[in-house]
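J.: Below is the file upload13.pdb, which contains PDB, C-alpha atoms.
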```
ATOM      1  CA  MET W 122     -57.000  12.820 -22.503
ATOM      2  CA  LYS W 123     -54.310  15.467 -22.021
ATOM      3  CA  LYS W 124     -55.441  18.754 -20.497
ATOM      4  CA  ARG W 125     -53.970  20.778 -23.348
ATOM      5  CA  THR W 126     -55.929  18.756 -25.908
ATOM      6  CA  ALA W 127     -59.097  19.032 -23.843
ATOM      7  CA  TRP W 128     -58.764  22.828 -23.614
ATOM      8  CA  LEU W 129     -58.129  23.114 -27.353
ATOM      9  CA  ILE W 130     -61.255  21.075 -28.081
ATOM     10  CA  ALA W 131     -63.351  22.989 -25.550
ATOM     11  CA  LEU W 132     -62.229  26.425 -26.731
ATOM     12  CA  GLY W 133     -62.504  25.403 -30.388
ATOM     13  CA  THR W 134     -66.076  24.210 -29.841
ATOM     14  CA  MET W 135     -67.065  27.406 -28.041
ATOM     15  CA  ILE W 136     -65.414  29.754 -30.542
ATOM     16  CA  ALA W 137     -66.968  27.966 -33.535
ATOM     17  CA  LEU W 138     -70.464  28.074 -32.021
ATOM     18  CA  LEU W 139     -70.095  31.701 -30.949
ATOM     19  CA  VAL W 140     -68.983  32.736 -34.455
ATOM     20  CA  ILE W 141     -71.956  30.945 -36.036
ATOM     21  CA  ASP W 142     -74.362  32.349 -33.452
ATOM     22  CA  GLN W 143     -73.197  35.960 -33.661
ATOM     23  CA  SER W 144     -72.823  35.936 -37.455
ATOM     24  CA  SER W 145     -76.394  34.697 -37.922
ATOM     25  CA  LYS W 146     -77.764  37.269 -35.460
ATOM     26  CA  ILE W 147     -75.882  40.193 -36.999
ATOM     27  CA  TRP W 148     -77.021  39.186 -40.492
ATOM     28  CA  VAL W 149     -80.665  38.943 -39.437
ATOM     29  CA  LYS W 150     -80.506  42.194 -37.475
ATOM     30  CA  THR W 151     -79.012  44.146 -40.393
ATOM     31  CA  HIS W 152     -80.943  42.516 -43.257
ATOM     32  CA  MET W 153     -84.471  41.881 -41.928
ATOM     33  CA  GLU W 154     -87.245  43.986 -40.445
ATOM     34  CA  MET W 155     -88.742  42.923 -37.134
ATOM     35  CA  GLY W 156     -91.411  40.295 -37.820
ATOM     36  CA  GLU W 157     -90.166  39.591 -41.349
ATOM     37  CA  GLU W 158     -89.788  35.947 -42.333
ATOM     38  CA  PHE W 159     -88.974  33.671 -45.240
ATOM     39  CA  PRO W 160     -89.009  29.872 -45.682
ATOM     40  CA  MET W 161     -85.807  27.864 -45.465
ATOM     41  CA  PHE W 162     -85.158  25.594 -48.458
ATOM     42  CA  GLY W 163     -88.699  26.250 -49.691
ATOM     43  CA  LEU W 164     -90.244  24.504 -46.647
ATOM     44  CA  GLU W 165     -93.284  26.131 -45.051
ATOM     45  CA  TRP W 166     -92.620  24.455 -41.703
ATOM     46  CA  ALA W 167     -89.010  25.714 -41.475
ATOM     47  CA  ARG W 168     -88.630  29.506 -41.504
ATOM     48  CA  ILE W 169     -86.324  32.350 -40.652
ATOM     49  CA  HIS W 170     -88.484  34.700 -38.595
ATOM     50  CA  PHE W 171     -86.921  37.770 -36.948
ATOM     51  CA  VAL W 172     -87.993  38.544 -33.390
ATOM     52  CA  GLU W 173     -86.228  39.808 -30.271
ATOM     53  CA  ASN W 174     -86.656  38.929 -26.612
ATOM     54  CA  GLU W 175     -85.332  40.093 -23.256
ATOM     55  CA  GLY W 176     -82.853  37.263 -22.898
ATOM     56  CA  MET W 177     -84.460  34.010 -21.824
ATOM     57  CA  ALA W 178     -84.287  30.918 -23.995
ATOM     58  CA  PHE W 179     -86.877  30.243 -26.735
ATOM     59  CA  GLY W 180     -88.417  33.712 -26.651
ATOM     60  CA  MET W 181     -89.460  33.877 -23.001
ATOM     61  CA  SER W 182     -89.183  37.127 -21.038
ATOM     62  CA  PHE W 183     -88.805  38.178 -17.413
ATOM     63  CA  GLY W 184     -90.470  41.200 -15.814
ATOM     64  CA  GLY W 185     -89.609  44.624 -17.226
ATOM     65  CA  ALA W 186     -86.392  46.656 -17.112
ATOM     66  CA  THR W 187     -85.475  45.613 -13.569
ATOM     67  CA  GLY W 188     -86.062  41.976 -14.377
ATOM     68  CA  LYS W 189     -83.986  42.335 -17.534
ATOM     69  CA  LEU W 190     -81.058  43.825 -15.602
ATOM     70  CA  LEU W 191     -81.247  41.172 -12.888
ATOM     71  CA  LEU W 192     -81.465  38.442 -15.521
ATOM     72  CA  SER W 193     -78.384  39.775 -17.335
ATOM     73  CA  LEU W 194     -76.379  39.973 -14.097
ATOM     74  CA  PHE W 195     -77.492  36.505 -13.045
ATOM     75  CA  ARG W 196     -76.464  35.062 -16.393
ATOM     76  CA  ILE W 197     -73.007  36.633 -16.177
ATOM     77  CA  VAL W 198     -72.533  35.036 -12.763
ATOM     78  CA  ALA W 199     -73.890  31.727 -14.070
ATOM     79  CA  VAL W 200     -71.535  31.697 -17.061
ATOM     80  CA  SER W 201     -68.590  32.472 -14.776
ATOM     81  CA  PHE W 202     -69.580  29.484 -12.651
ATOM     82  CA  LEU W 203     -69.902  27.305 -15.762
ATOM     83  CA  PHE W 204     -66.366  28.271 -16.783
ATOM     84  CA  PHE W 205     -65.194  27.193 -13.331
ATOM     85  CA  LEU W 206     -67.012  23.858 -13.695
ATOM     86  CA  LEU W 207     -65.446  23.325 -17.123
ATOM     87  CA  TYR W 208     -62.011  23.983 -15.626
ATOM     88  CA  ARG W 209     -62.704  21.416 -12.919
ATOM     89  CA  MET W 210     -63.929  18.867 -15.471
ATOM     90  CA  ILE W 211     -60.824  19.199 -17.621
ATOM     91  CA  ASP W 212     -58.541  19.191 -14.579
ATOM     92  CA  ALA W 213     -60.223  15.961 -13.401
ATOM     93  CA  GLY W 214     -59.694  14.330 -16.809
ATOM     94  CA  GLU W 215     -63.341  13.994 -17.789
ATOM     95  CA  ARG W 216     -64.243  12.217 -21.028
ATOM     96  CA  LEU W 217     -64.166  14.135 -24.296
ATOM     97  CA  THR W 218     -67.938  13.777 -24.804
ATOM     98  CA  ALA W 219     -68.615  15.410 -21.435
ATOM     99  CA  VAL W 220     -66.173  18.252 -22.124
ATOM    100  CA  MET W 221     -67.653  18.950 -25.566
ATOM    101  CA  SER W 222     -71.227  18.800 -24.268
ATOM    102  CA  PHE W 223     -70.432  21.239 -21.484
ATOM    103  CA  SER W 224     -68.617  23.499 -23.943
ATOM    104  CA  MET W 225     -71.791  23.646 -26.065
ATOM    105  CA  ILE W 226     -73.838  24.704 -23.044
ATOM    106  CA  LEU W 227     -71.286  27.355 -22.138
ATOM    107  CA  ALA W 228     -71.076  28.668 -25.705
ATOM    108  CA  GLY W 229     -74.848  29.009 -25.923
ATOM    109  CA  ALA W 230     -75.115  30.833 -22.621
ATOM    110  CA  SER W 231     -72.254  33.155 -23.611
ATOM    111  CA  GLY W 232     -73.786  33.852 -27.020
ATOM    112  CA  ASN W 233     -77.035  35.205 -25.593
ATOM    113  CA  ILE W 234     -75.197  37.194 -22.941
ATOM    114  CA  LEU W 235     -73.236  38.991 -25.678
ATOM    115  CA  ASP W 236     -76.549  40.164 -27.146
ATOM    116  CA  SER W 237     -77.685  41.535 -23.798
ATOM    117  CA  MET W 238     -74.355  43.185 -23.066
ATOM    118  CA  PHE W 239     -73.549  44.838 -26.384
ATOM    119  CA  TYR W 240     -76.400  44.807 -28.927
ATOM    120  CA  GLY W 241     -78.126  47.789 -27.305
ATOM    121  CA  LEU W 242     -74.872  49.742 -27.653
ATOM    122  CA  ILE W 243     -73.933  48.864 -31.239
ATOM    123  CA  PHE W 244     -77.318  48.609 -33.021
ATOM    124  CA  SER W 245     -80.183  50.954 -33.683
ATOM    125  CA  ALA W 246     -83.634  49.661 -32.754
ATOM    126  CA  SER W 247     -85.607  47.260 -34.944
ATOM    127  CA  PRO W 248     -89.252  48.409 -34.817
ATOM    128  CA  TYR W 249     -91.871  46.266 -36.514
ATOM    129  CA  HIS W 250     -91.929  47.105 -40.215
ATOM    130  CA  GLY W 251     -89.723  50.121 -39.539
ATOM    131  CA  GLY W 252     -86.678  49.190 -41.615
ATOM    132  CA  VAL W 253     -83.573  47.214 -40.758
ATOM    133  CA  ALA W 254     -81.257  48.074 -37.882
ATOM    134  CA  GLU W 255     -78.004  49.932 -38.432
ATOM    135  CA  LEU W 256     -74.720  48.703 -36.996
ATOM    136  CA  PHE W 257     -72.831  51.436 -35.089
ATOM    137  CA  PRO W 258     -75.429  54.185 -35.756
ATOM    138  CA  ASP W 259     -74.335  57.818 -35.490
ATOM    139  CA  GLY W 260     -76.820  58.550 -32.721
ATOM    140  CA  GLY W 261     -75.751  55.613 -30.605
ATOM    141  CA  GLY W 262     -77.505  52.355 -29.834
ATOM    142  CA  TYR W 263     -81.023  51.702 -28.614
ATOM    143  CA  ALA W 264     -80.218  50.607 -25.037
ATOM    144  CA  PRO W 265     -77.491  50.854 -22.373
ATOM    145  CA  PHE W 266     -75.010  48.167 -21.371
ATOM    146  CA  LEU W 267     -76.654  44.888 -20.243
ATOM    147  CA  MET W 268     -80.045  45.984 -21.598
ATOM    148  CA  GLY W 269     -79.802  44.781 -25.196
ATOM    149  CA  LYS W 270     -82.326  42.332 -26.643
ATOM    150  CA  VAL W 271     -81.517  38.838 -27.856
ATOM    151  CA  VAL W 272     -82.050  38.123 -31.555
ATOM    152  CA  ASP W 273     -84.050  34.997 -32.449
ATOM    153  CA  MET W 274     -84.720  33.665 -35.924
ATOM    154  CA  PHE W 275     -85.392  29.906 -36.229
ATOM    155  CA  TYR W 276     -89.092  29.042 -36.383
ATOM    156  CA  PHE W 277     -90.465  25.542 -37.005
ATOM    157  CA  PRO W 278     -94.300  25.516 -37.058
ATOM    158  CA  LEU W 279     -94.479  21.799 -37.879
ATOM    159  CA  PHE W 280     -98.250  21.470 -37.581
ATOM    160  CA  THR W 281    -101.370  23.042 -36.062
ATOM    161  CA  VAL W 282    -104.215  21.094 -34.451
ATOM    162  CA  ASP W 283    -107.490  22.095 -32.772
ATOM    163  CA  LEU W 284    -107.486  20.814 -29.205
ATOM    164  CA  PRO W 285    -110.707  20.148 -27.287
ATOM    165  CA  ALA W 286    -111.529  22.353 -24.307
ATOM    166  CA  TRP W 287    -110.829  19.581 -21.773
ATOM    167  CA  VAL W 288    -107.111  19.502 -22.648
ATOM    168  CA  PRO W 289    -105.190  21.314 -19.853
ATOM    169  CA  ILE W 290    -103.458  24.651 -20.611
ATOM    170  CA  TRP W 291    -103.638  24.516 -24.433
ATOM    171  CA  GLY W 292    -107.199  23.247 -24.921
ATOM    172  CA  GLY W 293    -110.089  25.120 -26.495
ATOM    173  CA  GLY W 294    -108.423  26.365 -29.654
ATOM    174  CA  PRO W 295    -105.683  25.830 -32.220
ATOM    175  CA  PHE W 296    -102.330  24.593 -30.938
ATOM    176  CA  GLU W 297     -99.183  25.129 -32.991
ATOM    177  CA  PHE W 298     -96.169  22.860 -32.647
ATOM    178  CA  PHE W 299     -93.346  24.039 -32.498
ATOM    179  CA  ARG W 300     -94.173  27.677 -31.656
ATOM    180  CA  PRO W 301     -91.073  29.162 -29.922
ATOM    181  CA  VAL W 302     -88.580  31.093 -32.061
ATOM    182  CA  PHE W 303     -84.966  30.450 -31.093
ATOM    183  CA  ASN W 304     -81.358  30.998 -32.161
ATOM    184  CA  VAL W 305     -78.094  29.063 -32.481
ATOM    185  CA  ALA W 306     -77.212  29.766 -28.843
ATOM    186  CA  ASP W 307     -80.513  28.301 -27.602
ATOM    187  CA  ALA W 308     -80.024  25.218 -29.779
ATOM    188  CA  SER W 309     -76.459  24.856 -28.498
ATOM    189  CA  ILE W 310     -77.636  24.896 -24.881
ATOM    190  CA  PHE W 311     -80.409  22.378 -25.554
ATOM    191  CA  CYS W 312     -78.215  19.993 -27.560
ATOM    192  CA  GLY W 313     -75.380  20.323 -25.048
ATOM    193  CA  ILE W 314     -77.659  19.394 -22.137
ATOM    194  CA  CYS W 315     -79.096  16.425 -24.048
ATOM    195  CA  ALA W 316     -75.641  15.188 -25.047
ATOM    196  CA  PHE W 317     -74.326  15.619 -21.510
ATOM    197  CA  LEU W 318     -77.198  13.580 -20.063
ATOM    198  CA  LEU W 319     -76.761  10.896 -22.708
ATOM    199  CA  PHE W 320     -72.996  10.496 -22.657
ATOM    200  CA  TYR W 321     -71.828  11.557 -19.217
ATOM    201  CA  LYS W 322     -70.714   8.598 -17.133
ATOM    202  CA  LYS W 323     -69.673   8.867 -13.526
ATOM    203  CA  PRO W 324     -66.094   7.643 -13.120
ATOM    204  CA  LYS W 325     -65.773   4.200 -11.618
ATOM    205  CA  PRO W 326     -64.143   4.014  -8.174
ATOM    206  CA  ALA W 327     -60.492   3.059  -8.134
ATOM    207  CA  SER W 328     -59.611  -0.587  -7.560
ATOM    208  CA  GLY W 329     -60.102  -1.506  -3.920
ATOM    209  CA  GLU W 330     -62.322   1.518  -3.169
ATOM    210  CA  PRO W 331     -66.027   0.928  -2.469
ATOM    211  CA  SER W 332     -68.580   2.416  -4.827
ATOM    212  CA  ALA W 333     -71.322   4.705  -3.558
ATOM    213  CA  SER W 334     -73.754   1.791  -3.527
ATOM    214  CA  GLU W 335     -71.386  -0.301  -1.424
ATOM    215  CA  SER W 336     -70.555   2.335   1.183
TER     216      SER W 336
END
```
How does the structure come out when it is put into structure tokens?
T.:
Amino acid sequence: MKKRTAWLIALGTMIALLVIDQSSKIWVKTHMEMGEEFPMFGLEWARIHFVENEGMAFGMSFGGATGKLLLSLFRIVAVSFLFFLLYRMIDAGERLTAVMSFSMILAGASGNILDSMFYGLIFSASPYHGGVAELFPDGGGYAPFLMGKVVDMFYFPLFTVDLPAWVPIWGGGPFEFFRPVFNVADASIFCGICAFLLFYKKPKPASGEPSASES
């Protein structure tokens, strides 16, 4: 595959996913109150549910303001490294499936970083049941650079079961599957990793060169 074609596919994949991710987040942020939800397609187990988190995937958080800042800085460094790896993959002529999978991972990581970098600057806060957020409010945003919260909205409570007390971690009460609330960026990272593991194949050694198992 030509490098130019590979870059067009990689950039096209990332731009498309970023547009979908950011459009969905901005719509939810400016049209829904925190904690508000509604079913998708009339299904009780598939909902749009507006929550925010400090930046980790699937609603997880990491230790206060200092942890939030360190997490944001770490993710910027990580995304820069992922861009470098993508460059190396395309330069080495990796397969299209590997390039697209890696582009999905990179797009997802970049999408959540944009929230952390800019949402605190361009949005007013979204308190629970306190009205919808305003884009570019007169009084400024709710947080400084790198301290914005990530918008999540997809919630799939497929079923709830009562687990006996002897079950580790979740036993002794009701257990809901699937509980985490996530966004397009999270889904892009997850699907990209799965696709990469499924479709990535290590290049065969050139004719006459021993493979790793033969050396």
J.: Residues at most 10 Å from Ile147 (chain W), counting all atoms listed in the file, excluding those fewer than 3 positions away in the same chain, as a list in words?
T.: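 Everything that qualifies: Asp142, Gln143, Ser144, Lys150, Thr151, His152, Asp236, Tyr240, Phe244, Ala254, Leu256 and Val272 of chain W.
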J.: Give me, please, the distance in Å between CA of Met238 (chain W) and CA of Phe266 (chain W), quoted to one decimal.
T.: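 So the answer is 5.3 Å.
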J.: Step by step, work through what the PyMOL selection byres ((chain W and resi 197) around 10) selects in the shown file, and finish by giving those residues as a ChimeraX atom specification.
T.: /W:191-196,198-203,230-231,234-235,238,267
J.: Where does region 249-335 of chain W meet region 216-227 of chain W within 9 Å, residue by residue, with the nearest atom pair and distance in Å to one decimal for each, counting all atoms listed in the file, listed by chain and rising number, as a tab-separated table?
T.:
```
residue	atom	partner	partner_atom	distance
W:Ala306	CA	W:Ile226	CA	8.4
W:Asp307	CA	W:Ile226	CA	8.8
W:Ser309	CA	W:Met225	CA	5.4
W:Ile310	CA	W:Ile226	CA	4.2
W:Phe311	CA	W:Ile226	CA	7.4
W:Cys312	CA	W:Met225	CA	7.5
W:Gly313	CA	W:Ser222	CA	4.5
W:Ile314	CA	W:Ile226	CA	6.6
W:Cys315	CA	W:Ser222	CA	8.2
W:Ala316	CA	W:Ser222	CA	5.8
W:Phe317	CA	W:Ser222	CA	5.2
W:Leu318	CA	W:Ala219	CA	8.9
W:Phe320	CA	W:Thr218	CA	6.4
W:Tyr321	CA	W:Ala219	CA	5.5
W:Lys322	CA	W:Ala219	CA	8.3
```
J.: Evaluate the PyMOL selection byres ((chain W and resi 247) around 12) on the structure here and hand back the selected residues as a PyMOL selection string.
T.: chain W and resi 149-157+171-174+240-241+244-246+248-256+262-264+269-272
J.: Counting all atoms listed in the file, which residue out of W:Phe277, W:Leu190, W:Pro258, W:Ala213 sits closest to Ser237 (chain W)?
T.: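 Ranked by minimum distance to Ser237 (chain W), first place goes to W:Leu190.
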J.: Can you tell me, as a ChimeraX atom specification, which residues sit within 10 Å of (-61.1, 20.0, -24.7) in the file's frame, using all atoms listed in the file?
T.: /W:122-134,207-208,210-211,214-221,223-224
J.: Write out as a VMD selection string which residues come within 7 Å of Glu158 (chain W) when counting only C-alpha atoms, dropping same-chain ones fewer than 3 positions away.
T.: chain W and resid 168 to 171
J.: For region 224-229 of chain W, take all atoms listed in the file, fit an axis-aligned box around them, add 6 Å to each of the six sides, then output centre and edge lengths in Å rounded to one decimal, as AutoDock Vina command-line options.
T.:
```
--center_x -71.7 --center_y 26.3 --center_z -24.1 --size_x 18.2 --size_y 17.5 --size_z 15.9
```
J.: What does the distance between CA of Ile136 (chain W) and CA of Gly232 (chain W) come to in Å, to one decimal place?
T.: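 One can read the CA of Ile136 (chain W) to CA of Gly232 (chain W) distance as 10.0 Å.
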J.: Compare W:Met274, W:Leu279, W:Ala308, W:Val302 by their minimum atom-to-atom distance to Trp148 (chain W), counting only C-alpha atoms, and give me the closest one.
T.: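 The closest residue to Trp148 (chain W) is W:Met274.
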J.: Could you check how far CA of Glu165 (chain W) sits from CA of Tyr276 (chain W), in Å to one decimal?
T.: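 For CA of Glu165 (chain W) relative to CA of Tyr276 (chain W), the distance reads 10.1 Å.
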J.: Check which residues satisfy the PyMOL selection byres ((chain W and resi 280) around 10) in the file shown, then give them as a CSV table (one decimal) with C-alpha atoms, keeping the file's coordinate frame.
T.:
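The result, written out as out06.csv:
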```
chain,number,residue,atom,x,y,z
W,166,TRP,CA,-92.6,24.5,-41.7
W,277,PHE,CA,-90.5,25.5,-37.0
W,278,PRO,CA,-94.3,25.5,-37.1
W,279,LEU,CA,-94.5,21.8,-37.9
W,281,THR,CA,-101.4,23.0,-36.1
W,282,VAL,CA,-104.2,21.1,-34.5
W,296,PHE,CA,-102.3,24.6,-30.9
W,297,GLU,CA,-99.2,25.1,-33.0
W,298,PHE,CA,-96.2,22.9,-32.6
W,299,PHE,CA,-93.3,24.0,-32.5
W,300,ARG,CA,-94.2,27.7,-31.7
```
J.: Can you give me N, CA and C atoms for region 194-209 of chain W, written as a short mmCIF file (atom, residue, chain, number, x, y, z; two decimals), keeping the file's coordinate frame?
T.:
```cif
data_model
loop_
_atom_site.label_atom_id
_atom_site.label_comp_id
_atom_site.auth_asym_id
_atom_site.auth_seq_id
_atom_site.Cartn_x
_atom_site.Cartn_y
_atom_site.Cartn_z
N LEU W 194 -77.40 40.14 -15.13
CA LEU W 194 -76.38 39.97 -14.10
C LEU W 194 -76.31 38.53 -13.63
N PHE W 195 -77.46 37.91 -13.46
CA PHE W 195 -77.49 36.51 -13.04
C PHE W 195 -76.81 35.61 -14.08
N ARG W 196 -77.05 35.90 -15.35
CA ARG W 196 -76.46 35.06 -16.39
C ARG W 196 -74.95 35.23 -16.46
N ILE W 197 -74.46 36.44 -16.21
CA ILE W 197 -73.01 36.63 -16.18
C ILE W 197 -72.38 35.81 -15.05
N VAL W 198 -73.01 35.84 -13.89
CA VAL W 198 -72.53 35.04 -12.76
C VAL W 198 -72.61 33.55 -13.10
N ALA W 199 -73.71 33.13 -13.73
CA ALA W 199 -73.89 31.73 -14.07
C ALA W 199 -72.84 31.26 -15.06
N VAL W 200 -72.54 32.08 -16.07
CA VAL W 200 -71.54 31.70 -17.06
C VAL W 200 -70.15 31.62 -16.42
N SER W 201 -69.86 32.53 -15.49
CA SER W 201 -68.59 32.47 -14.78
C SER W 201 -68.48 31.16 -14.00
N PHE W 202 -69.57 30.75 -13.39
CA PHE W 202 -69.58 29.48 -12.65
C PHE W 202 -69.42 28.29 -13.60
N LEU W 203 -70.05 28.38 -14.78
CA LEU W 203 -69.90 27.30 -15.76
C LEU W 203 -68.46 27.18 -16.24
N PHE W 204 -67.78 28.32 -16.42
CA PHE W 204 -66.37 28.27 -16.78
C PHE W 204 -65.56 27.56 -15.70
N PHE W 205 -65.88 27.85 -14.44
CA PHE W 205 -65.19 27.19 -13.33
C PHE W 205 -65.45 25.69 -13.36
N LEU W 206 -66.70 25.29 -13.62
CA LEU W 206 -67.01 23.86 -13.70
C LEU W 206 -66.28 23.19 -14.85
N LEU W 207 -66.18 23.88 -15.99
CA LEU W 207 -65.45 23.32 -17.12
C LEU W 207 -63.98 23.13 -16.76
N TYR W 208 -63.40 24.11 -16.09
CA TYR W 208 -62.01 23.98 -15.63
C TYR W 208 -61.84 22.75 -14.74
N ARG W 209 -62.79 22.57 -13.81
CA ARG W 209 -62.70 21.42 -12.92
C ARG W 209 -62.85 20.10 -13.68
#
```
